[in-house]
Amino acid sequence: MKLTTRVEKWPYVSPFRITDHVFTSAEVVVVTLEDESGIGRGEADGVYYHDETPESIVGEIESVRGAVEEGIDRESLRHLLPPGGARNGLDCALWDLEAKRSGKPAWQIAGIPKPRPLLTTFTVSAGTPDEMAKAAKDYTRVRAIKVKLTRDDPADCVRAVRAARPDVWLGVDANQAFDRPSLERLIPVLKEADVSLIEQPFAIGCDADLDGLSCPIPIAADESLQSLADVEAMADHYGAINIKLDKCGGLTEGLAMAGKARRAGLKVMVGCMAGTSLAMAPAFLLGQLCDLVDLDAPNFLARDREHAARYANGELYCSDSLWGGV
């Protein structure tokens, strides 16, 4: 089996802002595995708050080149590399290659019913209340919006977005921006604005600060949840988890996490880091098993791949022609 990696830079239409970070492009690693049956591809962006970069992802993949090219399956890969971007790129390439080898699409291999279009949230990046209200209005045919909040004017930002789009499902994502007092002050505003989900309000390691909090809105773990090993602990503090393939190391682990979360009584969300439609396609399969879907990253790009994911009427659909087809 032949392994290749390629670093690609995909500029954004405009800067994307979250707590303590501004992104102007998606820099991804495309992993290709090739044998006599065909070519499998995977795309990894990595985890920025773990200081993963394209260079570090490529380096990690190169460190296991010999084992990969000798032939490796997805379960063995889970023990060869830790969760993160490198394993994600390789895992998704193995799924794609397995589809070519078997003559079955990836969704059949995974035991998932034939994929259907999925309602997805569309993200309003952090800004002033007026900027965020305008961004929400510009999503003219969207039915679900997720708002990135920082420590700056979160209440006014939520009010502005809800006033601009009174018709949509609304969630907020703090990316670790709050502490318990600031969240307690914000909860009445979120309730009044009919917010349906609060994502990762506190810093990693502060999950127990949620215990005993009087909050009628479900709270989801994102940064606090990395891999399968973390799922059980999340059930002690959260009502939902956000699975991202770049965090957990690929679709193989993501599917296992979804199953374990269900058994623990947690709601399941699939999200994404930055990336093109090639990164969305395997997450789209996981989304078939999820309660909430947040896979809008390609919409921020100035351009996307051939056979790109289709976004229409607030829904996402990824065809087998992009990834995971025979």
# chains A, B, ... in the order shown; residues from 1 in each chain; ligands from 1
>>> residues_around(residues="Ala308 (chain A)", least_positions_apart="2", cutoff="8 Å", atoms="only C-alpha atoms", output="ChimeraX atom specification")
/A:277-278,304-306,310,318,322
>>> write_last_selection(atoms="N, CA and C atoms", output="tab-separated table (two decimals), in the first residue's frame")
chain	number	residue	atom	x	y	z
A	277	SER	N	-15.16	19.87	1.92
A	277	SER	CA	-16.19	18.84	1.89
A	277	SER	C	-15.62	17.43	2.08
A	278	LEU	N	-14.35	17.24	1.75
A	278	LEU	CA	-13.74	15.93	1.95
A	278	LEU	C	-13.70	15.56	3.43
A	304	ASP	N	-14.38	25.31	-2.87
A	304	ASP	CA	-14.43	23.98	-2.27
A	304	ASP	C	-14.00	22.96	-3.32
A	305	ARG	N	-14.06	21.68	-2.98
A	305	ARG	CA	-13.62	20.61	-3.86
A	305	ARG	C	-14.66	20.28	-4.92
A	306	GLU	N	-14.18	19.57	-5.94
A	306	GLU	CA	-15.10	18.98	-6.91
A	306	GLU	C	-15.96	17.95	-6.19
A	310	ARG	N	-23.45	19.24	-0.69
A	310	ARG	CA	-24.54	20.11	-1.12
A	310	ARG	C	-25.27	20.66	0.10
A	318	CYS	N	-23.92	14.73	1.39
A	318	CYS	CA	-22.63	14.38	0.79
A	318	CYS	C	-22.82	13.10	-0.05
A	322	LEU	N	-17.81	11.88	-3.75
A	322	LEU	CA	-16.76	12.64	-3.10
A	322	LEU	C	-15.86	11.74	-2.25
>>> residues_around(residues="Leu255 (chain A)", least_positions_apart="5", cutoff="12 Å", atoms="only C-alpha atoms", output="list in words")
Trp107, Ala110, Gly111, Ile112, Ser227, Leu228, Ile243, Lys244, Leu245, Cys248, Gly249, Gly250, Lys260, Ala261, Arg262, Val268, Met269, Val270, Pro282, Ala283, Phe284, Leu285, Leu286, Gly287, Gln288, Leu289 and Cys290 of chain A
>>> select_by_dssp(residues="region 182-270 of chain A", states="strand (DSSP E)", output="list in words")
Leu197, Ile198, Glu199, Ile219, Ala220, Ala221, Ala240, Ile241, Asn242, Ile243, Lys267, Val268, Met269 and Val270 of chain A
>>> residues_around(residues="Leu316 (chain A)", least_positions_apart="2", cutoff="10 Å", atoms="only C-alpha atoms", output="PyMOL selection string")
chain A and resi 116-121+280-281+284+293-296+309-314+318
>>> residues_around(residues="Ala144 (chain A)", least_positions_apart="6", cutoff="6 Å", atoms="only C-alpha atoms", output="PyMOL selection string")
chain A and resi 121+168-170
>>> closest_residue(among="A:Glu52, A:Arg151, A:Leu97, A:Val161", to="Ile72 (chain A)", atoms="only C-alpha atoms")
A:Leu97
>>> atom_distance(atom1="CA of Ser37 (chain A)", atom2="CA of Gln108 (chain A)")
18.0 Å
>>> residues_around(residues="Asp207 (chain A)", least_positions_apart="5", cutoff="9 Å", atoms="only C-alpha atoms", output="MDAnalysis selection string")
chainID A and resid 200 202 221 224 234 236:238
>>> closest_residue(among="A:Glu34, A:Asp230, A:Asp246, A:Glu8", to="Ala264 (chain A)", atoms="only C-alpha atoms")
A:Asp230
>>> residues_around(residues="Pro188 (chain A)", least_positions_apart="3", cutoff="12 Å", atoms="only C-alpha atoms", output="ChimeraX atom specification")
/A:155,158-159,182-185,191-195,214-217
>>> write_last_selection(atoms="N, CA and C atoms", output="compact mmCIF listing (two decimals), in the first residue's frame")
# COMPACT_ATOMS: atom_id res chain seq x y z
N ALA A 155 -24.63 38.77 26.01
CA ALA A 155 -26.08 38.94 26.09
C ALA A 155 -26.60 39.74 24.91
N VAL A 158 -26.53 37.66 21.67
CA VAL A 158 -27.62 36.68 21.57
C VAL A 158 -28.93 37.39 21.23
N ARG A 159 -29.21 38.49 21.92
CA ARG A 159 -30.45 39.23 21.64
C ARG A 159 -30.49 39.70 20.19
N SER A 182 -20.52 34.09 35.30
CA SER A 182 -20.90 34.74 34.03
C SER A 182 -21.97 33.94 33.31
N LEU A 183 -21.91 32.61 33.40
CA LEU A 183 -22.96 31.80 32.78
C LEU A 183 -24.28 31.98 33.51
N GLU A 184 -24.23 32.02 34.83
CA GLU A 184 -25.47 32.20 35.59
C GLU A 184 -26.14 33.53 35.24
N ARG A 185 -25.34 34.56 35.00
CA ARG A 185 -25.92 35.85 34.60
C ARG A 185 -26.54 35.78 33.21
N LYS A 191 -32.51 31.88 27.93
CA LYS A 191 -33.87 31.33 28.03
C LYS A 191 -34.87 32.22 27.31
N GLU A 192 -34.76 33.53 27.52
CA GLU A 192 -35.67 34.48 26.86
C GLU A 192 -35.53 34.42 25.35
N ALA A 193 -34.30 34.16 24.87
CA ALA A 193 -34.04 34.10 23.43
C ALA A 193 -34.36 32.73 22.84
N ASP A 194 -34.89 31.84 23.65
CA ASP A 194 -35.25 30.49 23.20
C ASP A 194 -34.03 29.76 22.63
N VAL A 195 -32.91 29.83 23.34
CA VAL A 195 -31.71 29.09 22.97
C VAL A 195 -31.90 27.63 23.37
N SER A 214 -28.47 25.52 38.02
CA SER A 214 -29.87 25.56 37.62
C SER A 214 -29.96 26.14 36.21
N CYS A 215 -30.12 25.24 35.25
CA CYS A 215 -30.14 25.67 33.84
C CYS A 215 -31.13 24.80 33.08
N PRO A 216 -32.17 25.40 32.50
CA PRO A 216 -33.16 24.62 31.77
C PRO A 216 -32.72 24.25 30.35
N ILE A 217 -31.55 24.71 29.94
CA ILE A 217 -31.06 24.50 28.58
C ILE A 217 -30.00 23.41 28.59
